[in-house]
Each structure stands twice: as C-alpha cells, then as structure tokens.
file protein-v8.cif (mmCIF, C-alpha atoms and all ligand atoms)
data_run
#
loop_
_atom_site.label_atom_id
_atom_site.label_comp_id
_atom_site.auth_asym_id
_atom_site.auth_seq_id
_atom_site.Cartn_x
_atom_site.Cartn_y
_atom_site.Cartn_z
CA MET A 1 -191.36 142.49 120.52
CA ILE A 2 -191.84 138.77 120.09
CA GLY A 3 -191.20 137.06 116.78
CA ILE A 4 -192.40 133.50 116.33
CA GLU A 5 -191.01 132.13 113.07
CA HIS A 6 -192.16 128.84 111.57
CA VAL A 7 -192.22 127.06 114.90
CA SER A 8 -193.08 123.35 114.99
CA LYS A 9 -193.06 120.88 117.86
CA THR A 10 -193.97 117.21 118.00
CA PHE A 11 -194.38 115.01 121.07
CA GLY A 12 -193.44 111.54 119.90
CA ARG A 13 -195.19 111.47 116.57
CA PHE A 14 -197.93 113.88 117.60
CA PRO A 15 -197.62 117.34 116.01
CA ALA A 16 -198.56 119.71 118.85
CA ILE A 17 -197.46 122.88 116.99
CA ASN A 18 -197.36 122.95 113.24
CA ASP A 19 -195.47 125.76 111.47
CA VAL A 20 -196.72 128.70 113.52
CA SER A 21 -195.56 132.22 112.69
CA LEU A 22 -196.69 135.34 114.54
CA ASP A 23 -195.34 138.78 115.41
CA ILE A 24 -196.35 140.39 118.68
CA ALA A 25 -195.71 144.11 118.95
CA GLU A 26 -194.15 145.94 121.87
CA GLY A 27 -196.77 146.62 124.54
CA GLU A 28 -199.40 144.48 122.90
CA LEU A 29 -201.62 142.06 124.81
CA VAL A 30 -202.41 139.02 122.69
CA ALA A 31 -204.78 136.17 123.51
CA LEU A 32 -204.12 132.64 122.31
CA LEU A 33 -207.62 131.25 122.03
CA GLY A 34 -208.57 127.71 121.13
CA PRO A 35 -210.09 124.48 122.35
CA SER A 36 -208.31 122.19 124.74
CA GLY A 37 -205.41 120.41 123.04
CA SER A 38 -204.98 123.01 120.28
CA GLY A 39 -201.39 123.74 121.35
CA LYS A 40 -201.78 127.00 123.31
CA THR A 41 -199.77 125.97 126.36
CA THR A 42 -197.06 124.38 124.22
CA LEU A 43 -196.66 127.59 122.21
CA LEU A 44 -196.56 129.70 125.37
CA ARG A 45 -193.92 127.42 126.90
CA ILE A 46 -191.85 127.66 123.72
CA ILE A 47 -191.98 131.48 123.94
CA ALA A 48 -190.95 131.25 127.59
CA GLY A 49 -188.05 128.91 126.90
CA LEU A 50 -189.57 126.17 129.08
CA GLU A 51 -189.94 124.00 125.99
CA HIS A 52 -187.82 123.92 122.88
CA ALA A 53 -189.16 123.92 119.34
CA ASP A 54 -188.08 121.19 116.91
CA GLN A 55 -188.05 123.75 114.14
CA GLY A 56 -188.28 127.50 113.82
CA ARG A 57 -187.03 130.49 115.81
CA ILE A 58 -188.10 132.70 118.67
CA VAL A 59 -186.85 136.28 118.37
CA LEU A 60 -187.11 138.64 121.34
CA ASP A 61 -186.53 142.33 120.73
CA GLY A 62 -184.64 141.52 117.57
CA VAL A 63 -182.32 138.97 119.21
CA ASP A 64 -182.52 135.28 118.37
CA ALA A 65 -183.59 133.66 121.65
CA THR A 66 -184.21 130.17 120.27
CA ASN A 67 -181.38 128.67 122.29
CA MET A 68 -181.71 130.82 125.40
CA GLY A 69 -183.01 129.33 128.62
CA ALA A 70 -186.07 130.63 130.44
CA ARG A 71 -184.08 132.84 132.85
CA GLU A 72 -182.12 134.51 130.12
CA ARG A 73 -185.28 135.41 128.26
CA HIS A 74 -186.47 137.43 131.22
CA VAL A 75 -190.14 136.51 131.08
CA GLY A 76 -192.75 136.54 133.84
CA PHE A 77 -194.99 133.48 133.90
CA VAL A 78 -198.37 133.01 135.59
CA PHE A 79 -199.93 129.56 135.60
CA GLN A 80 -203.50 128.47 136.13
CA HIS A 81 -202.65 126.93 139.48
CA TYR A 82 -200.94 129.82 141.23
CA GLY A 83 -197.72 127.94 142.01
CA LEU A 84 -197.12 129.98 145.16
CA PHE A 85 -194.73 128.81 147.89
CA ARG A 86 -196.93 127.68 150.72
CA HIS A 87 -194.40 128.13 153.48
CA MET A 88 -193.66 131.74 152.52
CA THR A 89 -195.69 134.84 153.27
CA VAL A 90 -197.29 136.72 150.42
CA LEU A 91 -194.60 139.38 150.64
CA ALA A 92 -191.81 136.79 150.51
CA ASN A 93 -193.47 135.10 147.54
CA VAL A 94 -193.52 138.36 145.63
CA SER A 95 -189.93 139.31 146.37
CA PHE A 96 -188.66 135.76 145.70
CA GLY A 97 -187.58 136.45 142.12
CA LEU A 98 -185.40 139.34 143.41
CA ASP A 99 -184.11 137.47 146.47
CA ILE A 100 -182.56 134.72 144.35
CA ARG A 101 -180.68 137.07 142.05
CA PRO A 102 -176.89 136.82 142.08
CA ARG A 103 -175.46 139.23 144.63
CA ARG A 104 -174.14 141.59 141.98
CA SER A 105 -177.57 142.44 140.57
CA ARG A 106 -179.60 141.89 143.75
CA PRO A 107 -181.19 145.00 145.24
CA SER A 108 -180.76 145.56 148.99
CA ARG A 109 -183.20 143.81 151.31
CA ALA A 110 -184.96 147.10 152.04
CA ASP A 111 -185.38 147.82 148.33
CA ARG A 112 -186.67 144.32 147.62
CA THR A 113 -189.29 144.65 150.36
CA LYS A 114 -190.25 148.10 149.14
CA ARG A 115 -190.66 146.81 145.60
CA ALA A 116 -192.75 143.85 146.75
CA ARG A 117 -195.02 146.16 148.75
CA GLU A 118 -195.47 148.45 145.76
CA LEU A 119 -196.45 145.49 143.62
CA LEU A 120 -198.95 144.27 146.20
CA ASP A 121 -200.49 147.74 146.15
CA LEU A 122 -200.57 147.62 142.38
CA VAL A 123 -202.52 144.34 142.40
CA GLN A 124 -204.73 145.80 145.14
CA ILE A 125 -203.88 143.50 148.02
CA GLY A 126 -201.42 145.78 149.82
CA ASN A 127 -202.87 144.76 153.19
CA LEU A 128 -202.27 141.02 152.77
CA GLY A 129 -198.46 140.89 152.67
CA ASP A 130 -198.08 139.04 155.98
CA ARG A 131 -200.55 136.27 155.20
CA TYR A 132 -199.75 132.82 153.87
CA PRO A 133 -201.22 131.59 150.55
CA SER A 134 -203.62 129.21 152.35
CA GLN A 135 -205.22 132.25 153.99
CA LEU A 136 -206.20 133.80 150.65
CA SER A 137 -209.07 133.33 148.20
CA GLY A 138 -208.37 132.02 144.70
CA GLY A 139 -208.65 135.47 143.18
CA GLN A 140 -206.23 136.92 145.75
CA ARG A 141 -203.74 134.12 145.15
CA GLN A 142 -203.78 134.82 141.44
CA ARG A 143 -203.07 138.50 142.16
CA VAL A 144 -200.07 137.40 144.23
CA ALA A 145 -198.89 135.17 141.37
CA LEU A 146 -199.11 138.13 139.03
CA ALA A 147 -197.25 140.45 141.42
CA ARG A 148 -194.54 137.79 141.74
CA ALA A 149 -194.22 137.52 137.96
CA LEU A 150 -193.93 141.30 137.68
CA ALA A 151 -191.31 141.62 140.43
CA ILE A 152 -188.44 140.74 138.13
CA GLU A 153 -189.57 143.45 135.71
CA PRO A 154 -189.99 140.98 132.89
CA ARG A 155 -189.95 142.20 129.33
CA ILE A 156 -192.75 139.79 128.50
CA LEU A 157 -195.61 138.56 130.66
CA LEU A 158 -197.00 135.13 129.83
CA LEU A 159 -200.23 133.92 131.42
CA ASP A 160 -201.60 130.40 130.95
CA GLU A 161 -205.34 130.33 131.68
CA PRO A 162 -204.71 132.57 134.68
CA PHE A 163 -208.37 132.72 135.67
CA GLY A 164 -209.26 129.14 134.74
CA ALA A 165 -209.60 127.91 138.31
CA LEU A 166 -211.75 130.79 139.54
CA ASP A 167 -215.51 131.07 139.68
CA ALA A 168 -217.39 133.05 137.05
CA LYS A 169 -217.86 136.26 139.01
CA VAL A 170 -214.22 136.54 140.15
CA ARG A 171 -213.06 135.69 136.63
CA LYS A 172 -215.01 138.60 135.22
CA GLU A 173 -213.65 141.00 137.81
CA LEU A 174 -210.09 139.87 137.33
CA ARG A 175 -210.09 140.02 133.56
CA ARG A 176 -211.34 143.59 133.58
CA TRP A 177 -208.68 144.35 136.12
CA LEU A 178 -205.97 142.64 134.03
CA ARG A 179 -206.94 144.82 131.09
CA GLU A 180 -206.65 147.98 133.20
CA LEU A 181 -203.35 146.81 134.65
CA HIS A 182 -202.04 146.21 131.15
CA ASP A 183 -203.12 149.68 130.07
CA THR A 184 -201.12 151.07 132.99
CA LEU A 185 -197.97 148.95 132.61
CA LYS A 186 -198.00 148.53 128.82
CA ILE A 187 -195.99 145.35 129.10
CA THR A 188 -195.95 142.96 126.15
CA GLY A 189 -198.19 140.07 127.12
CA VAL A 190 -199.52 136.77 125.83
CA PHE A 191 -202.32 135.07 127.63
CA VAL A 192 -203.90 131.72 126.94
CA THR A 193 -207.60 131.04 127.27
CA HIS A 194 -210.24 128.72 125.88
CA ASP A 195 -212.96 131.24 126.76
CA GLN A 196 -213.86 133.40 123.76
CA GLU A 197 -215.56 136.06 125.87
CA GLU A 198 -212.42 136.45 127.95
CA ALA A 199 -210.25 136.77 124.85
CA LEU A 200 -212.56 139.34 123.28
CA GLU A 201 -212.75 141.42 126.42
CA VAL A 202 -209.09 141.47 127.40
CA ALA A 203 -206.92 141.26 124.30
CA ASP A 204 -205.73 143.79 121.74
CA ARG A 205 -205.48 140.94 119.26
CA VAL A 206 -206.86 137.44 119.29
CA VAL A 207 -205.03 134.46 117.80
CA VAL A 208 -207.42 131.57 117.22
CA MET A 209 -205.68 128.19 117.32
CA ASN A 210 -206.88 124.85 116.04
CA GLN A 211 -204.91 121.60 116.00
CA GLY A 212 -201.52 123.18 116.51
CA ALA A 213 -201.95 125.85 113.84
CA ILE A 214 -203.19 129.42 113.67
CA GLU A 215 -206.68 129.58 112.24
CA GLN A 216 -207.09 133.37 112.30
CA VAL A 217 -205.46 136.47 113.79
CA GLY A 218 -207.33 139.73 114.27
CA THR A 219 -208.72 142.33 116.63
CA PRO A 220 -211.59 141.06 118.79
CA THR A 221 -214.08 142.77 116.48
CA GLU A 222 -212.52 141.32 113.34
CA VAL A 223 -212.45 137.81 114.69
CA TYR A 224 -215.99 137.99 116.02
CA ASP A 225 -217.62 139.84 113.13
CA ALA A 226 -215.68 138.39 110.22
CA PRO A 227 -214.53 134.88 111.04
CA GLY A 228 -212.27 133.60 108.30
CA THR A 229 -213.22 129.95 108.58
CA PRO A 230 -216.21 127.86 109.68
CA PHE A 231 -214.14 126.69 112.66
CA VAL A 232 -213.67 130.25 113.94
CA PHE A 233 -217.32 131.03 113.36
CA GLU A 234 -218.45 128.11 115.45
CA PHE A 235 -215.84 128.61 118.10
CA MET A 236 -216.68 132.28 118.68
CA GLY A 237 -220.22 131.66 119.84
CA HIS A 238 -223.46 130.00 118.91
CA VAL A 239 -224.26 130.14 115.22
CA ASN A 240 -226.88 128.78 112.82
CA SER A 241 -225.57 127.15 109.68
CA LEU A 242 -227.98 127.30 106.77
CA PRO A 243 -227.53 125.30 103.59
CA CYS A 244 -227.75 127.51 100.53
CA THR A 245 -226.95 127.60 96.84
CA VAL A 246 -224.99 130.10 94.81
CA HIS A 247 -226.14 130.89 91.30
CA ASN A 248 -225.83 133.86 89.00
CA ARG A 249 -224.31 136.11 91.68
CA GLU A 250 -227.11 135.33 94.06
CA ILE A 251 -227.36 133.24 97.16
CA THR A 252 -230.60 131.43 97.83
CA VAL A 253 -231.40 130.51 101.41
CA GLY A 254 -234.69 128.77 102.17
CA GLY A 255 -236.26 130.31 99.07
CA ILE A 256 -235.07 133.90 99.67
CA ARG A 257 -232.53 135.30 97.26
CA PHE A 258 -229.69 137.60 98.31
CA ALA A 259 -227.52 139.55 95.90
CA ALA A 260 -223.88 138.47 96.09
CA PRO A 261 -221.92 140.46 93.51
CA GLU A 262 -218.65 139.11 94.99
CA TYR A 263 -219.49 135.66 93.68
CA GLN A 264 -218.41 136.62 90.17
CA GLU A 265 -216.69 133.42 89.29
CA VAL A 266 -218.88 130.94 91.07
CA GLU A 267 -221.71 129.12 89.38
CA ASP A 268 -224.07 126.59 90.90
CA ASP A 269 -222.15 125.80 94.01
CA PHE A 270 -223.47 124.68 97.33
CA ALA A 271 -222.54 126.81 100.27
CA VAL A 272 -223.23 127.23 103.95
CA ALA A 273 -224.42 130.53 105.33
CA PHE A 274 -223.63 131.23 108.99
CA VAL A 275 -226.01 133.48 110.88
CA ARG A 276 -225.65 134.44 114.53
CA PRO A 277 -228.82 134.14 116.64
CA HIS A 278 -229.00 137.92 117.12
CA ALA A 279 -228.74 138.50 113.35
CA LEU A 280 -231.96 136.61 112.68
CA GLU A 281 -234.64 139.25 112.85
CA VAL A 282 -238.01 138.03 114.05
CA VAL A 283 -240.99 139.74 112.42
CA ALA A 284 -244.75 139.26 112.18
CA PRO A 285 -245.78 136.21 110.13
CA GLY A 286 -246.25 136.94 106.44
CA THR A 287 -243.95 139.98 106.48
CA ASP A 288 -242.66 140.61 102.98
CA GLY A 289 -239.40 138.77 102.32
CA SER A 290 -239.44 136.73 105.52
CA LEU A 291 -239.20 132.99 105.98
CA ALA A 292 -242.09 131.32 107.77
CA ALA A 293 -241.19 129.76 111.10
CA THR A 294 -242.78 128.27 114.20
CA VAL A 295 -241.61 128.85 117.77
CA LEU A 296 -240.72 125.55 119.45
CA HIS A 297 -239.35 126.86 122.71
CA GLU A 298 -238.60 130.19 124.36
CA LEU A 299 -236.22 131.06 127.13
CA VAL A 300 -236.42 134.50 128.72
CA LEU A 301 -232.97 135.67 129.89
CA GLY A 302 -233.57 139.05 131.48
CA PRO A 303 -233.62 141.61 128.68
CA THR A 304 -233.24 139.09 125.86
CA VAL A 305 -235.21 136.05 124.78
CA ARG A 306 -233.74 132.99 123.14
CA LEU A 307 -236.03 131.15 120.74
CA ASP A 308 -235.77 127.73 119.17
CA ILE A 309 -237.66 127.94 115.91
CA ARG A 310 -238.45 125.55 113.11
CA VAL A 311 -238.03 126.91 109.61
CA GLU A 312 -239.25 124.98 106.62
CA LYS A 313 -236.39 123.38 104.65
CA LEU A 314 -233.81 124.81 107.06
CA GLY A 315 -234.63 122.89 110.22
CA VAL A 316 -234.36 124.12 113.80
CA LEU A 317 -232.56 127.43 114.33
CA GLU A 318 -231.81 129.64 117.30
CA ALA A 319 -232.79 133.30 117.37
CA GLU A 320 -232.10 135.86 120.02
CA ILE A 321 -234.39 138.85 120.26
CA SER A 322 -235.03 141.66 122.67
CA ARG A 323 -237.74 141.38 125.28
CA ILE A 324 -239.43 144.37 123.63
CA VAL A 325 -239.78 142.64 120.26
CA HIS A 326 -240.84 139.46 122.01
CA ASP A 327 -243.64 141.22 123.89
CA GLU A 328 -244.64 143.36 120.93
CA LEU A 329 -245.19 140.30 118.73
CA ARG A 330 -246.79 138.37 121.61
CA ILE A 331 -244.51 135.43 121.01
CA LYS A 332 -245.06 132.18 122.84
CA ARG A 333 -244.56 128.50 122.19
CA GLY A 334 -246.33 127.51 118.97
CA SER A 335 -246.45 131.09 117.58
CA ARG A 336 -246.13 131.51 113.85
CA ILE A 337 -243.51 134.13 113.05
CA GLY A 338 -241.38 135.34 110.16
CA ILE A 339 -237.60 135.55 110.19
CA ILE A 340 -235.19 137.58 108.10
CA PRO A 341 -231.47 136.81 108.21
CA ARG A 342 -229.92 140.26 108.58
CA HIS A 343 -226.29 139.35 108.29
CA MET A 344 -224.82 136.15 106.95
CA GLN A 345 -221.35 134.92 106.20
CA THR A 346 -221.14 132.29 103.53
CA PHE A 347 -218.54 129.61 102.91
CA LEU A 348 -218.43 127.73 99.62
CA SER A 349 -218.41 123.94 99.55
CA GLY A 350 -214.60 124.03 99.24
CA GLY A 351 -214.39 125.89 102.56
CA ASN A 352 -213.43 129.25 101.05
CA ALA A 353 -214.86 132.27 102.76
CA GLY A 354 -217.40 133.99 100.57
CA PRO A 355 -218.80 137.47 100.99
CA SER A 356 -220.66 138.52 104.03
CA VAL A 357 -224.13 139.48 102.94
CA ARG A 358 -226.32 142.08 104.52
CA MET A 359 -230.04 142.40 104.17
CA GLU A 360 -229.88 145.74 102.32
CA GLU A 361 -228.42 143.93 99.33
CA ARG A 362 -231.48 141.79 98.78
CA ARG A 363 -232.74 142.00 95.27
CA ASP A 364 -236.28 140.68 95.26
CA ALA A 365 -237.94 142.96 97.79
CA PRO A 366 -237.29 146.39 99.23
CA PRO A 367 -236.45 146.41 102.93
CA PRO A 368 -239.66 146.61 104.93
CA THR A 369 -240.51 150.10 106.14
CA PRO A 370 -240.79 150.21 109.90
CA PRO A 371 -244.24 151.03 111.20
CA GLN A 372 -244.80 154.49 112.65
CA MET A 373 -244.06 154.44 116.34
CA PRO A 374 -244.21 156.99 119.11
CA LYS A 375 -240.89 158.62 119.92
CA GLY A 376 -238.93 157.33 122.88
CA ARG A 377 -237.82 159.57 125.69
CA THR A 378 -234.46 160.19 124.08
CA GLY A 379 -236.19 161.59 121.03
CA ARG A 380 -234.89 158.70 118.96
CA PRO A 381 -237.63 156.83 117.10
CA LEU A 382 -238.66 153.81 119.12
CA SER A 383 -238.24 151.58 116.07
CA GLU A 384 -234.56 152.47 115.95
CA ILE A 385 -234.11 151.67 119.60
CA MET A 386 -235.87 148.37 119.06
CA ARG A 387 -233.61 147.63 116.17
CA ARG A 388 -230.55 148.29 118.28
CA LEU A 389 -231.87 146.14 121.08
CA SER A 390 -232.57 143.27 118.76
CA GLY A 391 -228.92 143.37 117.72
CA ARG A 392 -229.29 144.57 114.16
CA ARG A 393 -226.00 145.98 113.12
CA ASP A 394 -227.11 148.11 110.22
P1 LIG A 401 -203.77 123.40 125.06
O1 LIG A 401 -202.97 124.22 126.02
O2 LIG A 401 -204.27 124.19 123.88
O3 LIG A 401 -204.88 122.67 125.72
P2 LIG A 401 -201.35 121.84 124.84
O4 LIG A 401 -200.34 122.73 124.25
O5 LIG A 401 -201.28 121.60 126.30
O6 LIG A 401 -202.82 122.30 124.40
O7 LIG A 401 -201.27 120.42 124.12
C1 LIG A 401 -201.30 120.27 122.74
C2 LIG A 401 -201.20 118.80 122.42
O8 LIG A 401 -199.91 118.31 122.73
C3 LIG A 401 -202.18 117.95 123.21
O9 LIG A 401 -202.71 116.96 122.39
C4 LIG A 401 -201.34 117.39 124.32
O10 LIG A 401 -201.81 116.11 124.71
C5 LIG A 401 -199.98 117.26 123.67
N1 LIG A 401 -198.90 117.43 124.66
C6 LIG A 401 -198.64 118.55 125.36
N2 LIG A 401 -197.56 118.39 126.17
C7 LIG A 401 -197.13 117.11 125.98
C8 LIG A 401 -196.07 116.34 126.51
N3 LIG A 401 -195.20 116.83 127.39
N4 LIG A 401 -195.95 115.06 126.06
C9 LIG A 401 -196.79 114.55 125.15
N5 LIG A 401 -197.81 115.23 124.61
C10 LIG A 401 -197.99 116.50 125.02
MG MG A 402 -203.23 124.55 128.06
#
call {"tool": "encode", "arguments": {"input": "protein-v8.cif", "output": "structure tokens", "more": "lines below"}}
Ligand code: ADP
Ligand code: MG
result
Amino acid sequence: MIGIEHVSKTFGRFPAINDVSLDIAEGELVALLGPSGSGKTTLLRIIAGLEHADQGRIVLDGVDATNMGARERHVGFVFQHYGLFRHMTVLANVSFGLDIRPRRSRPSRADRTKRARELLDLVQIGNLGDRYPSQLSGGQRQRVALARALAIEPRILLLDEPFGALDAKVRKELRRWLRELHDTLKITGVFVTHDQEEALEVADRVVVMNQGAIEQVGTPTEVYDAPGTPFVFEFMGHVNSLPCTVHNREITVGGIRFAAPEYQEVEDDFAVAFVRPHALEVVAPGTDGSLAATVLHELVLGPTVRLDIRVEKLGVLEAEISRIVHDELRIKRGSRIGIIPRHMQTFLSGGNAGPSVRMEERRDAPPPTPPQMPKGRTGRPLSEIMRRLSGRRD
C-alpha cells in the first residue's frame, strides 16, 4: 500500500507538485497520466525516495517512509532509457541487485543465477542471458530492465514512461504484456505515461495530472466516459466543444433542446457541451431532430470514417462513423447530412461539471424509429449492429 499525503515540491520557485494526496491499494497498478511537465516523474521519484518532498508524507505499508532513502523503501524502478550496464551480460544485469547485497542477506551465487534465469524466462527472453545490451532490440532491453527491477523482489514497482522510446508496434505488444505480467505477479505498481491509450489499456486506475496537481482519479472507463473537467475531456482524446445555453432545465445546442433535469438551480447560463466524434450520429439530411450539416472532408480509416463537417452556428466539428453508415448514406465531400449528438457532457461557464445528457432525454421530438432492415447473419437486427458500429452507447 502506498499513501501519498499532501505532498508538495518546488524547484526554486516553481511548484512542480502541489498538495497531492492519493492512496494506492496493495496489488493495484496505477497510471499517472498527464502532459509533459505536469509533475509525473517528480511524483514517482518522491515515491521512490529519489527526491524528497518539501511538504507531506509518503507512507508505505502503514510505515512513514518520508525520511527513508531509496534502498530502504525497497522499490524497483524502470526508466524510459533502460539504464542497463553495457559491460555486463544480460544475466549479470538482472542479478546485479542481488550481487550487491550485504553478505548476510546475499543469496549464494548459484541461487542468484537461478533467480536471474527465472526472471528472464518470466519476461520471455530466457535465451538471451549471455548477450550484451548492445546486442538487443529496444523492446528486449526494456524487458531486461524490468527483470532487473524485479530481481530484488521489490514491494513496489515504479515505471517512468517505460515504453516511451519504443516504436508504436512494440509499445502495444509490451503494454499488453505488462498487464498480463501484473496480473500474474500482483505487485503494487505505478507507471507514468503521457499516452492516454496506454493508460486506459494497462491500468486498474488512472490518475490524470495537470500542472502538478491531480485533476481526476478513476477507473479507465470512468475517466474516459465521465471526465470531471474540461481538461480531462480534452486530454483523453479528440472532442468537439459546442457552445450552448442552459434555461429552464433545458440545454439548447444549435437550436435543439435537451432536457436537463439536473440543472435545477441554474438559470440562463452559458455552458459548453463536449461531444466525442463517435457520439455524433450522422443521419440523412432533414431527419427529425437533427442539425443540418455539410461534409467538408472525409478520411477513410479502414472500418471507420472520420468526417470534418460544418454545422450552422456551431462551426466545424469532427464526426466518426462506421464505414457501413458512410456507404449507406452515400457520403462524400459536399454531402448534406444531419447530425444528432447522442451523448454530451456539459460544463457551466464557471467550469463546474453539469449532467451528462443522452439523446433519449430529448423533449421536443421522440427518438427516430430505425427503418426496417433485413436481419444480419447473427439474427440481430442489422440496425442494431449498425448502431453498435457507429459507437452509439445506448
Ligand atoms: P513530467 O514527468 O510530467 O513531464 P516532471 O515531473 O519531470 O514532469 O517535471 C515537472 C516540472 O518540474 C517541469 O516543469 C520541470 O521542468 C520541473 N522540474 C523537474 N525536475 C526539476 C529539477 N531537478 N530542477 C528544476 N526543475 C525541475
Ligand atoms: Mg517525466
């Protein structure tokens, strides 16, 4: 268990970490996610004992570790740039943490070698023990770095952008593998990334950081589906922001009204509604309750199509639809279409998160009935499959 209690750290006069508190449970894998400079590395180094906080405490397994050094804290650390010893074989790199133990607690040479070999098997490079780091690929080196960090049987594993220096394909492989490894070892872990997809895929919980403070903490689904602030919304992936007004428990966006019973106490405020590209449904022009739009540009990306569209009074928006809907509506540049925001999250002018509004709650028109379609091979109505493909989460 890691307890971070009101930790602050300034460099000179610059506040790198500003009153951060967070509890990390035993066996949990947490991602610190945020843009460059948001304080992720500094916080990780404070947990490790490589940096000391100006204020606040670090508690490890119930014991105040604030004044303990890095060794005493018993953490394994993996950096972005491997940090392997170039003049040592892979096997020697992995057993290093055991080799330098004081004689009293040092296992025998045979046991250290055995342990290092087991770890190399665990990280799936059991055949590379006799090589030198220069004879390995980036992905293999990072596996060695991880095996080395695990050799001391740390109670916490800390990883700072461990896949940052690798190419996209290897990154994807390794992050899936890290997740599986974590499920096997169940070691408490914190890993830093600026890549939201990586955080969502690997972590049990995501901690979004912004300017030295925690912006939001939640499961990947919570953080992605219900961002608590405009910053998190924009950081978690492309999003359209639509100006809107709130009046009489209704939100009006581009002339369409949505019921918002949660806005009990708000009258005549301006707000911003955030809509993800896949939550903008594209329909035939003139469809009841849709906003009129024109296609400016289309980009076919395999099974999905990304559209830039111009909507009157709202400007240029991005929509993402399935290839099926795209072909069905015969969309091309210049097409007139209709759009219906299916899921929006609003924030009032003061920045407070308002309700998230779904299409079903619309007051002025019943939801359009889907046209009759032939059944798909699975027996599920084709319209439902289309809806799923177009990303409607209803
Ligand atoms: P991140 O890992 O999220 O990119 P860092 O924790 O490395 O962010 O840095 C947070 C802020 O603190 C940055 O603005 C960085 O320039 C500053 N900073 C980090 N380490 C030092 C240092 N040793 N001396 C001065 N400023 C630092
Ligand atoms: Mg960093």
call {"tool": "closest_residue", "arguments": {"input": "protein-v8.cif", "among": "A:Leu50, A:Val295, A:Val305, A:Ile24", "to": "A:Lys332", "atoms": "only C-alpha atoms"}}
result
A:Val295
call {"tool": "closest_residue", "arguments": {"input": "protein-v8.cif", "among": "A:Lys169, A:Arg45, A:Arg310, A:His74", "to": "A:Val192", "atoms": "all atoms listed in the file"}}
result
A:Arg45
call {"tool": "residues_near_ligand", "arguments": {"input": "protein-v8.cif", "ligand": "ligand LIG 401 (chain A)", "cutoff": "10 Å", "atoms": "all atoms listed in the file", "output": "number ranges by chain"}}
result
A: 9-17, 32-46, 51, 160-161, 192-194, 209-212
call {"tool": "closest_residue", "arguments": {"input": "protein-v8.cif", "among": "A:Arg131, A:Arg330, A:Arg323, A:His81", "to": "ligand MG 402 (chain A)", "atoms": "all atoms listed in the file"}}
result
A:His81
call {"tool": "residues_around", "arguments": {"input": "protein-v8.cif", "residues": "A:Arg155", "least_positions_apart": "4", "cutoff": "12 Å", "atoms": "all atoms listed in the file", "output": "JSON, numbers by chain"}}
result
{"A": [1, 2, 26, 27, 28, 48, 60, 61, 71, 72, 73, 74, 75, 76, 77, 149, 150, 151, 185, 186, 187, 188, 189, 190]}
call {"tool": "atom_distance", "arguments": {"input": "protein-v8.cif", "atom1": "atom CA of A:Ile125", "atom2": "atom CA of A:Gln140"}}
result
7.3 Å
